[in-house]
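Engineer: If it helps, the file is called protein.txt and holds compact mmCIF, N, CA and C atoms:
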# COMPACT_ATOMS: atom_id res chain seq x y z
N GLN A 252 14.01 -33.70 -0.15
CA GLN A 252 14.11 -32.36 -0.72
C GLN A 252 12.97 -31.50 -0.20
N VAL A 253 13.34 -30.36 0.36
CA VAL A 253 12.33 -29.46 0.91
C VAL A 253 11.69 -28.66 -0.22
N GLN A 254 10.37 -28.60 -0.19
CA GLN A 254 9.65 -27.78 -1.15
C GLN A 254 8.59 -26.95 -0.43
N LEU A 255 8.52 -25.69 -0.79
CA LEU A 255 7.48 -24.80 -0.31
C LEU A 255 6.76 -24.25 -1.54
N VAL A 256 5.46 -24.48 -1.61
CA VAL A 256 4.70 -24.08 -2.79
C VAL A 256 3.56 -23.16 -2.38
N GLU A 257 3.66 -21.91 -2.81
CA GLU A 257 2.63 -20.92 -2.50
C GLU A 257 1.51 -20.97 -3.53
N SER A 258 0.32 -20.61 -3.07
CA SER A 258 -0.83 -20.49 -3.96
C SER A 258 -1.80 -19.48 -3.36
N GLY A 259 -2.77 -19.07 -4.17
CA GLY A 259 -3.81 -18.18 -3.68
C GLY A 259 -3.65 -16.73 -4.06
N GLY A 260 -2.56 -16.39 -4.69
CA GLY A 260 -2.38 -15.01 -5.13
C GLY A 260 -3.30 -14.68 -6.28
N GLY A 261 -3.32 -13.41 -6.64
CA GLY A 261 -4.17 -12.99 -7.75
C GLY A 261 -4.46 -11.50 -7.66
N LEU A 262 -5.54 -11.12 -8.30
CA LEU A 262 -5.95 -9.72 -8.35
C LEU A 262 -7.11 -9.49 -7.39
N ALA A 263 -7.01 -8.43 -6.61
CA ALA A 263 -8.08 -8.06 -5.69
C ALA A 263 -8.26 -6.55 -5.74
N GLN A 264 -9.44 -6.12 -5.38
CA GLN A 264 -9.69 -4.68 -5.28
C GLN A 264 -9.32 -4.19 -3.89
N ALA A 265 -9.02 -2.94 -3.80
CA ALA A 265 -8.74 -2.34 -2.50
C ALA A 265 -9.93 -2.58 -1.57
N GLY A 266 -9.61 -2.99 -0.36
CA GLY A 266 -10.64 -3.33 0.61
C GLY A 266 -11.05 -4.79 0.57
N GLY A 267 -10.59 -5.50 -0.43
CA GLY A 267 -10.93 -6.91 -0.58
C GLY A 267 -10.02 -7.83 0.21
N SER A 268 -10.17 -9.13 -0.06
CA SER A 268 -9.42 -10.14 0.68
C SER A 268 -8.85 -11.19 -0.25
N LEU A 269 -7.75 -11.76 0.19
CA LEU A 269 -7.16 -12.94 -0.44
C LEU A 269 -6.62 -13.84 0.65
N ARG A 270 -6.56 -15.12 0.37
CA ARG A 270 -5.97 -16.06 1.31
C ARG A 270 -4.85 -16.83 0.60
N LEU A 271 -3.65 -16.66 1.09
CA LEU A 271 -2.50 -17.37 0.55
C LEU A 271 -2.27 -18.65 1.32
N SER A 272 -1.82 -19.67 0.61
CA SER A 272 -1.46 -20.93 1.23
C SER A 272 -0.03 -21.28 0.85
N CYS A 273 0.64 -21.99 1.72
CA CYS A 273 1.99 -22.48 1.43
C CYS A 273 2.06 -23.92 1.90
N ALA A 274 2.14 -24.82 0.95
CA ALA A 274 2.22 -26.24 1.27
C ALA A 274 3.68 -26.65 1.34
N ALA A 275 4.06 -27.24 2.46
CA ALA A 275 5.45 -27.64 2.68
C ALA A 275 5.60 -29.15 2.60
N SER A 276 6.72 -29.58 2.08
CA SER A 276 7.03 -31.01 2.04
C SER A 276 8.52 -31.20 2.20
N GLY A 277 8.90 -32.41 2.64
CA GLY A 277 10.32 -32.70 2.79
C GLY A 277 10.93 -32.22 4.08
N LEU A 278 10.11 -31.75 5.02
CA LEU A 278 10.63 -31.31 6.31
C LEU A 278 9.65 -31.70 7.41
N PHE A 279 10.18 -31.74 8.63
CA PHE A 279 9.34 -32.05 9.79
C PHE A 279 8.66 -30.75 10.18
N PHE A 280 7.51 -30.51 9.59
CA PHE A 280 6.86 -29.20 9.59
C PHE A 280 6.70 -28.60 10.98
N SER A 281 6.33 -29.41 11.94
CA SER A 281 6.00 -28.89 13.26
C SER A 281 7.22 -28.35 14.00
N THR A 282 8.42 -28.60 13.49
CA THR A 282 9.63 -28.07 14.13
C THR A 282 10.17 -26.84 13.42
N TYR A 283 9.42 -26.31 12.48
CA TYR A 283 9.85 -25.13 11.72
C TYR A 283 8.99 -23.92 12.00
N ARG A 284 9.66 -22.79 12.13
CA ARG A 284 8.97 -21.51 12.08
C ARG A 284 8.61 -21.26 10.62
N MET A 285 7.45 -20.69 10.37
CA MET A 285 7.01 -20.43 9.01
C MET A 285 6.68 -18.95 8.86
N GLY A 286 7.27 -18.35 7.86
CA GLY A 286 7.08 -16.92 7.68
C GLY A 286 6.59 -16.56 6.29
N TRP A 287 6.04 -15.36 6.20
CA TRP A 287 5.67 -14.76 4.92
C TRP A 287 6.45 -13.46 4.77
N PHE A 288 7.01 -13.29 3.59
CA PHE A 288 7.71 -12.07 3.23
C PHE A 288 7.13 -11.60 1.90
N ARG A 289 7.42 -10.36 1.53
CA ARG A 289 6.96 -9.88 0.25
C ARG A 289 8.00 -8.96 -0.37
N GLN A 290 7.92 -8.85 -1.68
CA GLN A 290 8.83 -7.96 -2.40
C GLN A 290 8.07 -7.27 -3.52
N ALA A 291 8.03 -5.96 -3.43
CA ALA A 291 7.41 -5.15 -4.46
C ALA A 291 8.47 -4.74 -5.48
N PRO A 292 8.05 -4.39 -6.71
CA PRO A 292 9.03 -4.00 -7.73
C PRO A 292 9.90 -2.84 -7.26
N GLY A 293 11.20 -3.01 -7.41
CA GLY A 293 12.12 -1.95 -7.05
C GLY A 293 12.39 -1.81 -5.56
N LYS A 294 11.82 -2.72 -4.77
CA LYS A 294 12.01 -2.64 -3.33
C LYS A 294 12.66 -3.92 -2.81
N GLU A 295 13.19 -3.82 -1.61
CA GLU A 295 13.79 -5.00 -0.99
C GLU A 295 12.70 -5.90 -0.40
N ARG A 296 13.06 -7.16 -0.23
CA ARG A 296 12.13 -8.10 0.39
C ARG A 296 11.90 -7.67 1.84
N GLU A 297 10.64 -7.73 2.29
CA GLU A 297 10.33 -7.30 3.64
C GLU A 297 9.47 -8.34 4.36
N PHE A 298 9.62 -8.33 5.66
CA PHE A 298 8.89 -9.24 6.53
C PHE A 298 7.42 -8.85 6.59
N VAL A 299 6.54 -9.87 6.57
CA VAL A 299 5.11 -9.63 6.69
C VAL A 299 4.58 -10.25 7.99
N ALA A 300 4.81 -11.55 8.16
CA ALA A 300 4.29 -12.24 9.34
C ALA A 300 5.03 -13.56 9.50
N THR A 301 5.01 -14.06 10.73
CA THR A 301 5.62 -15.36 10.97
C THR A 301 4.92 -16.05 12.13
N THR A 302 5.03 -17.37 12.15
CA THR A 302 4.48 -18.14 13.24
C THR A 302 5.55 -19.08 13.78
N ALA A 303 5.75 -19.02 15.08
CA ALA A 303 6.68 -19.94 15.72
C ALA A 303 6.14 -21.36 15.62
N SER A 304 7.02 -22.33 15.84
CA SER A 304 6.57 -23.72 15.72
C SER A 304 5.49 -24.04 16.74
N GLY A 305 5.47 -23.32 17.85
CA GLY A 305 4.43 -23.52 18.85
C GLY A 305 3.17 -22.73 18.59
N GLY A 306 3.18 -21.91 17.54
CA GLY A 306 1.97 -21.21 17.14
C GLY A 306 1.93 -19.73 17.43
N THR A 307 2.87 -19.21 18.22
CA THR A 307 2.90 -17.77 18.48
C THR A 307 3.12 -17.03 17.17
N THR A 308 2.42 -15.92 17.00
CA THR A 308 2.50 -15.18 15.75
C THR A 308 3.09 -13.79 15.94
N TYR A 309 3.72 -13.30 14.90
CA TYR A 309 4.33 -11.97 14.89
C TYR A 309 4.01 -11.32 13.55
N TYR A 310 3.80 -10.00 13.59
CA TYR A 310 3.41 -9.29 12.38
C TYR A 310 4.22 -8.01 12.21
N ALA A 311 4.40 -7.65 10.95
CA ALA A 311 4.92 -6.32 10.66
C ALA A 311 3.84 -5.31 11.01
N ASP A 312 4.26 -4.14 11.45
CA ASP A 312 3.29 -3.13 11.89
C ASP A 312 2.29 -2.77 10.79
N PHE A 313 2.74 -2.77 9.56
CA PHE A 313 1.86 -2.30 8.49
C PHE A 313 0.77 -3.32 8.12
N VAL A 314 0.78 -4.53 8.70
CA VAL A 314 -0.28 -5.49 8.43
C VAL A 314 -1.08 -5.85 9.67
N LYS A 315 -0.68 -5.35 10.80
CA LYS A 315 -1.40 -5.68 12.04
C LYS A 315 -2.86 -5.27 11.93
N GLY A 316 -3.72 -6.19 12.30
CA GLY A 316 -5.15 -5.92 12.24
C GLY A 316 -5.77 -6.20 10.88
N ARG A 317 -4.94 -6.45 9.88
CA ARG A 317 -5.46 -6.73 8.53
C ARG A 317 -5.12 -8.14 8.07
N PHE A 318 -3.94 -8.63 8.39
CA PHE A 318 -3.49 -9.95 7.96
C PHE A 318 -3.45 -10.90 9.15
N THR A 319 -3.71 -12.17 8.87
CA THR A 319 -3.63 -13.20 9.91
C THR A 319 -2.87 -14.39 9.38
N ILE A 320 -1.82 -14.77 10.10
CA ILE A 320 -1.07 -15.97 9.73
C ILE A 320 -1.53 -17.12 10.61
N SER A 321 -1.61 -18.30 10.01
CA SER A 321 -1.98 -19.50 10.77
C SER A 321 -1.29 -20.70 10.15
N ARG A 322 -1.23 -21.76 10.91
CA ARG A 322 -0.58 -22.97 10.41
C ARG A 322 -1.42 -24.18 10.77
N ASP A 323 -1.36 -25.19 9.92
CA ASP A 323 -2.02 -26.46 10.15
C ASP A 323 -0.94 -27.52 10.05
N ASN A 324 -0.45 -27.98 11.19
CA ASN A 324 0.65 -28.93 11.18
C ASN A 324 0.26 -30.26 10.54
N ALA A 325 -1.01 -30.64 10.68
CA ALA A 325 -1.45 -31.91 10.09
C ALA A 325 -1.40 -31.84 8.57
N LYS A 326 -1.67 -30.66 8.02
CA LYS A 326 -1.65 -30.48 6.56
C LYS A 326 -0.32 -29.90 6.08
N THR A 327 0.61 -29.69 6.99
CA THR A 327 1.92 -29.07 6.68
C THR A 327 1.75 -27.85 5.80
N THR A 328 0.85 -26.98 6.21
CA THR A 328 0.51 -25.80 5.42
C THR A 328 0.43 -24.58 6.33
N VAL A 329 0.92 -23.48 5.82
CA VAL A 329 0.78 -22.20 6.51
C VAL A 329 -0.05 -21.28 5.62
N TYR A 330 -0.87 -20.46 6.26
CA TYR A 330 -1.80 -19.59 5.53
C TYR A 330 -1.53 -18.13 5.87
N LEU A 331 -1.93 -17.28 4.97
CA LEU A 331 -1.92 -15.84 5.24
C LEU A 331 -3.25 -15.29 4.75
N GLN A 332 -4.12 -15.00 5.69
CA GLN A 332 -5.40 -14.36 5.36
C GLN A 332 -5.17 -12.86 5.29
N MET A 333 -5.47 -12.27 4.15
CA MET A 333 -5.22 -10.86 3.94
C MET A 333 -6.55 -10.15 3.71
N ASP A 334 -6.91 -9.30 4.63
CA ASP A 334 -8.15 -8.53 4.55
C ASP A 334 -7.82 -7.05 4.43
N SER A 335 -8.82 -6.28 4.06
CA SER A 335 -8.66 -4.82 3.92
C SER A 335 -7.42 -4.49 3.10
N LEU A 336 -7.30 -5.14 1.99
CA LEU A 336 -6.12 -4.97 1.14
C LEU A 336 -6.00 -3.56 0.62
N LYS A 337 -4.76 -3.12 0.46
CA LYS A 337 -4.45 -1.79 -0.04
C LYS A 337 -3.58 -1.94 -1.30
N PRO A 338 -3.61 -0.96 -2.17
CA PRO A 338 -2.74 -1.04 -3.36
C PRO A 338 -1.26 -1.24 -3.00
N GLU A 339 -0.84 -0.69 -1.88
CA GLU A 339 0.56 -0.84 -1.48
C GLU A 339 0.89 -2.25 -1.00
N ASP A 340 -0.11 -3.13 -0.91
CA ASP A 340 0.16 -4.53 -0.60
C ASP A 340 0.56 -5.31 -1.84
N THR A 341 0.51 -4.67 -2.99
CA THR A 341 0.91 -5.33 -4.23
C THR A 341 2.37 -5.73 -4.17
N ALA A 342 2.62 -7.03 -4.38
CA ALA A 342 3.98 -7.57 -4.28
C ALA A 342 3.94 -9.05 -4.61
N VAL A 343 5.11 -9.62 -4.74
CA VAL A 343 5.23 -11.08 -4.75
C VAL A 343 5.40 -11.52 -3.31
N TYR A 344 4.57 -12.46 -2.90
CA TYR A 344 4.60 -12.96 -1.52
C TYR A 344 5.30 -14.31 -1.48
N TYR A 345 6.25 -14.41 -0.56
CA TYR A 345 7.06 -15.62 -0.42
C TYR A 345 6.83 -16.28 0.93
N CYS A 346 6.78 -17.58 0.90
CA CYS A 346 6.72 -18.39 2.10
C CYS A 346 8.14 -18.84 2.43
N ALA A 347 8.48 -18.92 3.72
CA ALA A 347 9.82 -19.33 4.12
C ALA A 347 9.77 -20.18 5.38
N ALA A 348 10.77 -21.05 5.52
CA ALA A 348 10.83 -21.95 6.67
C ALA A 348 12.17 -21.83 7.38
N ASP A 349 12.11 -21.84 8.71
CA ASP A 349 13.30 -21.69 9.56
C ASP A 349 13.23 -22.75 10.64
N TYR A 350 14.25 -23.60 10.71
CA TYR A 350 14.25 -24.68 11.69
C TYR A 350 14.28 -24.12 13.10
N ALA A 351 13.34 -24.55 13.93
CA ALA A 351 13.23 -24.03 15.29
C ALA A 351 13.84 -24.95 16.34
N GLY A 352 13.95 -26.22 16.02
CA GLY A 352 14.45 -27.17 17.00
C GLY A 352 13.53 -27.23 18.19
N SER A 353 14.10 -27.06 19.38
CA SER A 353 13.31 -27.14 20.60
C SER A 353 12.71 -25.79 20.99
N ASN A 354 13.04 -24.75 20.26
CA ASN A 354 12.51 -23.42 20.58
C ASN A 354 11.18 -23.21 19.89
N ALA A 355 10.11 -23.45 20.61
CA ALA A 355 8.78 -23.38 20.00
C ALA A 355 8.13 -22.02 20.17
N ARG A 356 8.80 -21.09 20.83
CA ARG A 356 8.13 -19.85 21.21
C ARG A 356 8.43 -18.64 20.34
N THR A 357 9.62 -18.60 19.78
CA THR A 357 10.01 -17.39 19.08
C THR A 357 10.15 -17.63 17.59
N ALA A 358 10.14 -16.55 16.85
CA ALA A 358 10.35 -16.62 15.40
C ALA A 358 11.01 -15.32 14.96
N SER A 359 11.71 -15.40 13.87
CA SER A 359 12.48 -14.26 13.40
C SER A 359 11.74 -13.50 12.31
N SER A 360 11.98 -12.18 12.28
CA SER A 360 11.45 -11.36 11.20
C SER A 360 12.53 -11.06 10.15
N SER A 361 13.69 -11.68 10.32
CA SER A 361 14.80 -11.43 9.41
C SER A 361 14.88 -12.52 8.35
N ALA A 362 14.88 -12.12 7.10
CA ALA A 362 14.89 -13.08 6.00
C ALA A 362 16.14 -13.97 6.03
N VAL A 363 17.23 -13.46 6.53
CA VAL A 363 18.48 -14.24 6.49
C VAL A 363 18.41 -15.45 7.42
N ASP A 364 17.47 -15.47 8.32
CA ASP A 364 17.34 -16.60 9.25
C ASP A 364 16.57 -17.78 8.67
N TYR A 365 15.95 -17.59 7.53
CA TYR A 365 15.12 -18.63 6.93
C TYR A 365 15.90 -19.42 5.89
N GLU A 366 15.89 -20.74 6.06
CA GLU A 366 16.71 -21.60 5.20
C GLU A 366 16.04 -21.94 3.88
N TYR A 367 14.73 -22.06 3.90
CA TYR A 367 14.03 -22.53 2.70
C TYR A 367 12.99 -21.51 2.26
N TRP A 368 12.85 -21.40 0.95
CA TRP A 368 11.96 -20.40 0.36
C TRP A 368 11.14 -21.00 -0.76
N GLY A 369 9.91 -20.53 -0.88
CA GLY A 369 9.11 -20.85 -2.04
C GLY A 369 9.43 -19.91 -3.19
N ARG A 370 8.76 -20.12 -4.31
CA ARG A 370 9.02 -19.30 -5.49
C ARG A 370 8.18 -18.04 -5.52
N GLY A 371 7.19 -17.97 -4.65
CA GLY A 371 6.39 -16.76 -4.56
C GLY A 371 5.10 -16.82 -5.34
N THR A 372 4.16 -15.99 -4.91
CA THR A 372 2.89 -15.84 -5.60
C THR A 372 2.56 -14.36 -5.70
N GLN A 373 2.11 -13.92 -6.86
CA GLN A 373 1.87 -12.50 -7.10
C GLN A 373 0.53 -12.08 -6.52
N VAL A 374 0.55 -10.98 -5.80
CA VAL A 374 -0.67 -10.35 -5.30
C VAL A 374 -0.72 -8.94 -5.87
N THR A 375 -1.82 -8.63 -6.53
CA THR A 375 -2.00 -7.30 -7.11
C THR A 375 -3.30 -6.72 -6.59
N VAL A 376 -3.21 -5.54 -6.01
CA VAL A 376 -4.39 -4.88 -5.44
C VAL A 376 -4.65 -3.61 -6.24
N SER A 377 -5.82 -3.53 -6.82
CA SER A 377 -6.17 -2.35 -7.62
C SER A 377 -6.95 -1.36 -6.78
N SER A 378 -6.78 -0.09 -7.11
CA SER A 378 -7.45 0.96 -6.34
C SER A 378 -8.83 1.26 -6.91
Since I need it in another form, could you write the structure as structure tokens?

Structural biologist:
Amino acid sequence: QVQLVESGGGLAQAGGSLRLSCAASGLFFSTYRMGWFRQAPGKEREFVATTASGGTTYYADFVKGRFTISRDNAKTTVYLQMDSLKPEDTAVYYCAADYAGSNARTASSSAVDYEYWGRGTQVTVSS
């Protein structure tokens, strides 16, 4: 059974930092693309960042230069380092996994491509 468990959310001030973690189990982690998405109240879920199974990273324009995604295959964990936080970053952040197979280079920014999802962790940024 595949499980993705997010942690590290909480309350931060604008300009501050948080580091999210997503621990994966029940899958061959190194063959999965791992992504972060978020959903704010009243809004649709949106792409934040993703890492291909080979480590290439992709970001939404609104987080470039502020957020960093990374993965540790030995720990089957993906991270999202969030710096220079803004109040508009307030949302529930979800971790997701997409089987890559032999394609280690690319990753999708579309939520429909991800098969497995965590339950999310709340991030609240105060002004």

Engineer: Fewer than 5 positions away in the same chain doesn't count, so skip those; otherwise give me all residues within 6.5 Å of segment 338-350 of chain A, counting all atoms listed in the file, as a compact mmCIF listing (two decimals) with N, CA and C atoms, in the coordinates of the input.

Structural biologist:
# COMPACT_ATOMS: atom_id res chain seq x y z
N GLU A 257 3.66 -21.91 -2.81
CA GLU A 257 2.63 -20.92 -2.50
C GLU A 257 1.51 -20.97 -3.53
N ALA A 265 -9.02 -2.94 -3.80
CA ALA A 265 -8.74 -2.34 -2.50
C ALA A 265 -9.93 -2.58 -1.57
N CYS A 273 0.64 -21.99 1.72
CA CYS A 273 1.99 -22.48 1.43
C CYS A 273 2.06 -23.92 1.90
N THR A 282 8.42 -28.60 13.49
CA THR A 282 9.63 -28.07 14.13
C THR A 282 10.17 -26.84 13.42
N TYR A 283 9.42 -26.31 12.48
CA TYR A 283 9.85 -25.13 11.72
C TYR A 283 8.99 -23.92 12.00
N ARG A 284 9.66 -22.79 12.13
CA ARG A 284 8.97 -21.51 12.08
C ARG A 284 8.61 -21.26 10.62
N MET A 285 7.45 -20.69 10.37
CA MET A 285 7.01 -20.43 9.01
C MET A 285 6.68 -18.95 8.86
N GLY A 286 7.27 -18.35 7.86
CA GLY A 286 7.08 -16.92 7.68
C GLY A 286 6.59 -16.56 6.29
N TRP A 287 6.04 -15.36 6.20
CA TRP A 287 5.67 -14.76 4.92
C TRP A 287 6.45 -13.46 4.77
N PHE A 288 7.01 -13.29 3.59
CA PHE A 288 7.71 -12.07 3.23
C PHE A 288 7.13 -11.60 1.90
N ARG A 289 7.42 -10.36 1.53
CA ARG A 289 6.96 -9.88 0.25
C ARG A 289 8.00 -8.96 -0.37
N GLN A 290 7.92 -8.85 -1.68
CA GLN A 290 8.83 -7.96 -2.40
C GLN A 290 8.07 -7.27 -3.52
N ALA A 291 8.03 -5.96 -3.43
CA ALA A 291 7.41 -5.15 -4.46
C ALA A 291 8.47 -4.74 -5.48
N PRO A 292 8.05 -4.39 -6.71
CA PRO A 292 9.03 -4.00 -7.73
C PRO A 292 9.90 -2.84 -7.26
N ASP A 364 17.47 -15.47 8.32
CA ASP A 364 17.34 -16.60 9.25
C ASP A 364 16.57 -17.78 8.67
N TYR A 365 15.95 -17.59 7.53
CA TYR A 365 15.12 -18.63 6.93
C TYR A 365 15.90 -19.42 5.89
N GLU A 366 15.89 -20.74 6.06
CA GLU A 366 16.71 -21.60 5.20
C GLU A 366 16.04 -21.94 3.88
N TYR A 367 14.73 -22.06 3.90
CA TYR A 367 14.03 -22.53 2.70
C TYR A 367 12.99 -21.51 2.26
N TRP A 368 12.85 -21.40 0.95
CA TRP A 368 11.96 -20.40 0.36
C TRP A 368 11.14 -21.00 -0.76
N GLY A 369 9.91 -20.53 -0.88
CA GLY A 369 9.11 -20.85 -2.04
C GLY A 369 9.43 -19.91 -3.19
N ARG A 370 8.76 -20.12 -4.31
CA ARG A 370 9.02 -19.30 -5.49
C ARG A 370 8.18 -18.04 -5.52
N GLY A 371 7.19 -17.97 -4.65
CA GLY A 371 6.39 -16.76 -4.56
C GLY A 371 5.10 -16.82 -5.34
N THR A 372 4.16 -15.99 -4.91
CA THR A 372 2.89 -15.84 -5.60
C THR A 372 2.56 -14.36 -5.70
N GLN A 373 2.11 -13.92 -6.86
CA GLN A 373 1.87 -12.50 -7.10
C GLN A 373 0.53 -12.08 -6.52
N VAL A 374 0.55 -10.98 -5.80
CA VAL A 374 -0.67 -10.35 -5.30
C VAL A 374 -0.72 -8.94 -5.87
N THR A 375 -1.82 -8.63 -6.53
CA THR A 375 -2.00 -7.30 -7.11
C THR A 375 -3.30 -6.72 -6.59
N VAL A 376 -3.21 -5.54 -6.01
CA VAL A 376 -4.39 -4.88 -5.44
C VAL A 376 -4.65 -3.61 -6.24
N SER A 377 -5.82 -3.53 -6.82
CA SER A 377 -6.17 -2.35 -7.62
C SER A 377 -6.95 -1.36 -6.78
N SER A 378 -6.78 -0.09 -7.11
CA SER A 378 -7.45 0.96 -6.34
C SER A 378 -8.83 1.26 -6.91

Engineer: Just asking: which residues within chain A are strand (DSSP E) according to DSSP, as a PyMOL selection string?

Structural biologist: chain A and resi 254-258+261-264+269-276+283-290+297-302+308-310+318-323+328-333+342-350+367-368+372-377

Engineer: What is the distance, in Å and to one decimal place, between atom N of Ser360 of chain A and atom C of Tyr310 of chain A?

Structural biologist: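 Interatomic distance here is 8.8 Å.
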
Engineer: Using all atoms listed in the file, which protein or nucleic acid residues come within 6.5 Å of Ala355 of chain A? Drop anything in the same chain fewer than 3 positions from it, and give the result as a PyMOL selection string.

Structural biologist: chain A and resi 303-307+351-352

Engineer: Give the helix (DSSP H, G or I) residues of chain A, as DSSP finds them on the backbone, and put them as a list of chain:residue names.

Structural biologist: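 Restricting chain A to helix (DSSP H, G or I) produces A:Phe280, A:Ser281, A:Thr282, A:Asp312, A:Phe313, A:Val314, A:Asn324, A:Ala325, A:Lys326, A:Pro338, A:Glu339, A:Asp340, A:Ala362, A:Val363, A:Asp364.
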
Engineer: In Å, with one decimal, what is the gap from atom CA of Asn324 of chain A to atom CA of Ser281 of chain A?

Structural biologist: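 So the two atoms, atom CA of Asn324 of chain A and atom CA of Ser281 of chain A, lie 5.7 Å apart.
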
Engineer: In Å to one decimal, how far is atom N of Glu297 of chain A from atom C of Gly316 of chain A?

Structural biologist: 18.6 Å

Engineer: Tell me which of A:Lys315, A:Thr301, A:Leu262, A:Thr327 sits closest to Phe279 of chain A, counting all atoms listed in the file.

Structural biologist: A:Thr327

Engineer: How would you write as a VMD selection string the residues that get within 6 Å of (1.0, -13.1, 9.6) in the file's frame, counting all atoms listed in the file?

Structural biologist: chain A and resid 299 to 301 309 to 310 318 to 321 331

Engineer: Atoms to include: N, CA and C atoms. Write the selected residues as an mmCIF file, in the coordinates of the input.

Structural biologist:
data_model
loop_
_atom_site.group_PDB
_atom_site.id
_atom_site.type_symbol
_atom_site.label_atom_id
_atom_site.label_comp_id
_atom_site.auth_asym_id
_atom_site.auth_seq_id
_atom_site.Cartn_x
_atom_site.Cartn_y
_atom_site.Cartn_z
ATOM 1 N N VAL A 299 6.540 -9.870 6.570
ATOM 2 C CA VAL A 299 5.110 -9.630 6.690
ATOM 3 C C VAL A 299 4.580 -10.250 7.990
ATOM 4 N N ALA A 300 4.810 -11.550 8.160
ATOM 5 C CA ALA A 300 4.290 -12.240 9.340
ATOM 6 C C ALA A 300 5.030 -13.560 9.500
ATOM 7 N N THR A 301 5.010 -14.060 10.730
ATOM 8 C CA THR A 301 5.620 -15.360 10.970
ATOM 9 C C THR A 301 4.920 -16.050 12.130
ATOM 10 N N TYR A 309 3.720 -13.300 14.900
ATOM 11 C CA TYR A 309 4.330 -11.970 14.890
ATOM 12 C C TYR A 309 4.010 -11.320 13.550
ATOM 13 N N TYR A 310 3.800 -10.000 13.590
ATOM 14 C CA TYR A 310 3.410 -9.290 12.380
ATOM 15 C C TYR A 310 4.220 -8.010 12.210
ATOM 16 N N PHE A 318 -3.940 -8.630 8.390
ATOM 17 C CA PHE A 318 -3.490 -9.950 7.960
ATOM 18 C C PHE A 318 -3.450 -10.900 9.150
ATOM 19 N N THR A 319 -3.710 -12.170 8.870
ATOM 20 C CA THR A 319 -3.630 -13.200 9.910
ATOM 21 C C THR A 319 -2.870 -14.390 9.380
ATOM 22 N N ILE A 320 -1.820 -14.770 10.100
ATOM 23 C CA ILE A 320 -1.070 -15.970 9.730
ATOM 24 C C ILE A 320 -1.530 -17.120 10.610
ATOM 25 N N SER A 321 -1.610 -18.300 10.010
ATOM 26 C CA SER A 321 -1.980 -19.500 10.770
ATOM 27 C C SER A 321 -1.290 -20.700 10.150
ATOM 28 N N LEU A 331 -1.930 -17.280 4.970
ATOM 29 C CA LEU A 331 -1.920 -15.840 5.240
ATOM 30 C C LEU A 331 -3.250 -15.290 4.750
#

Engineer: Taking all atoms listed in the file into account, name the residue in A:Gln252, A:Thr357, A:Ser258, A:Ser335 that is nearest to Thr308 of chain A.

Structural biologist: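 Closest to Thr308 of chain A, using all atoms listed in the file: A:Thr357.
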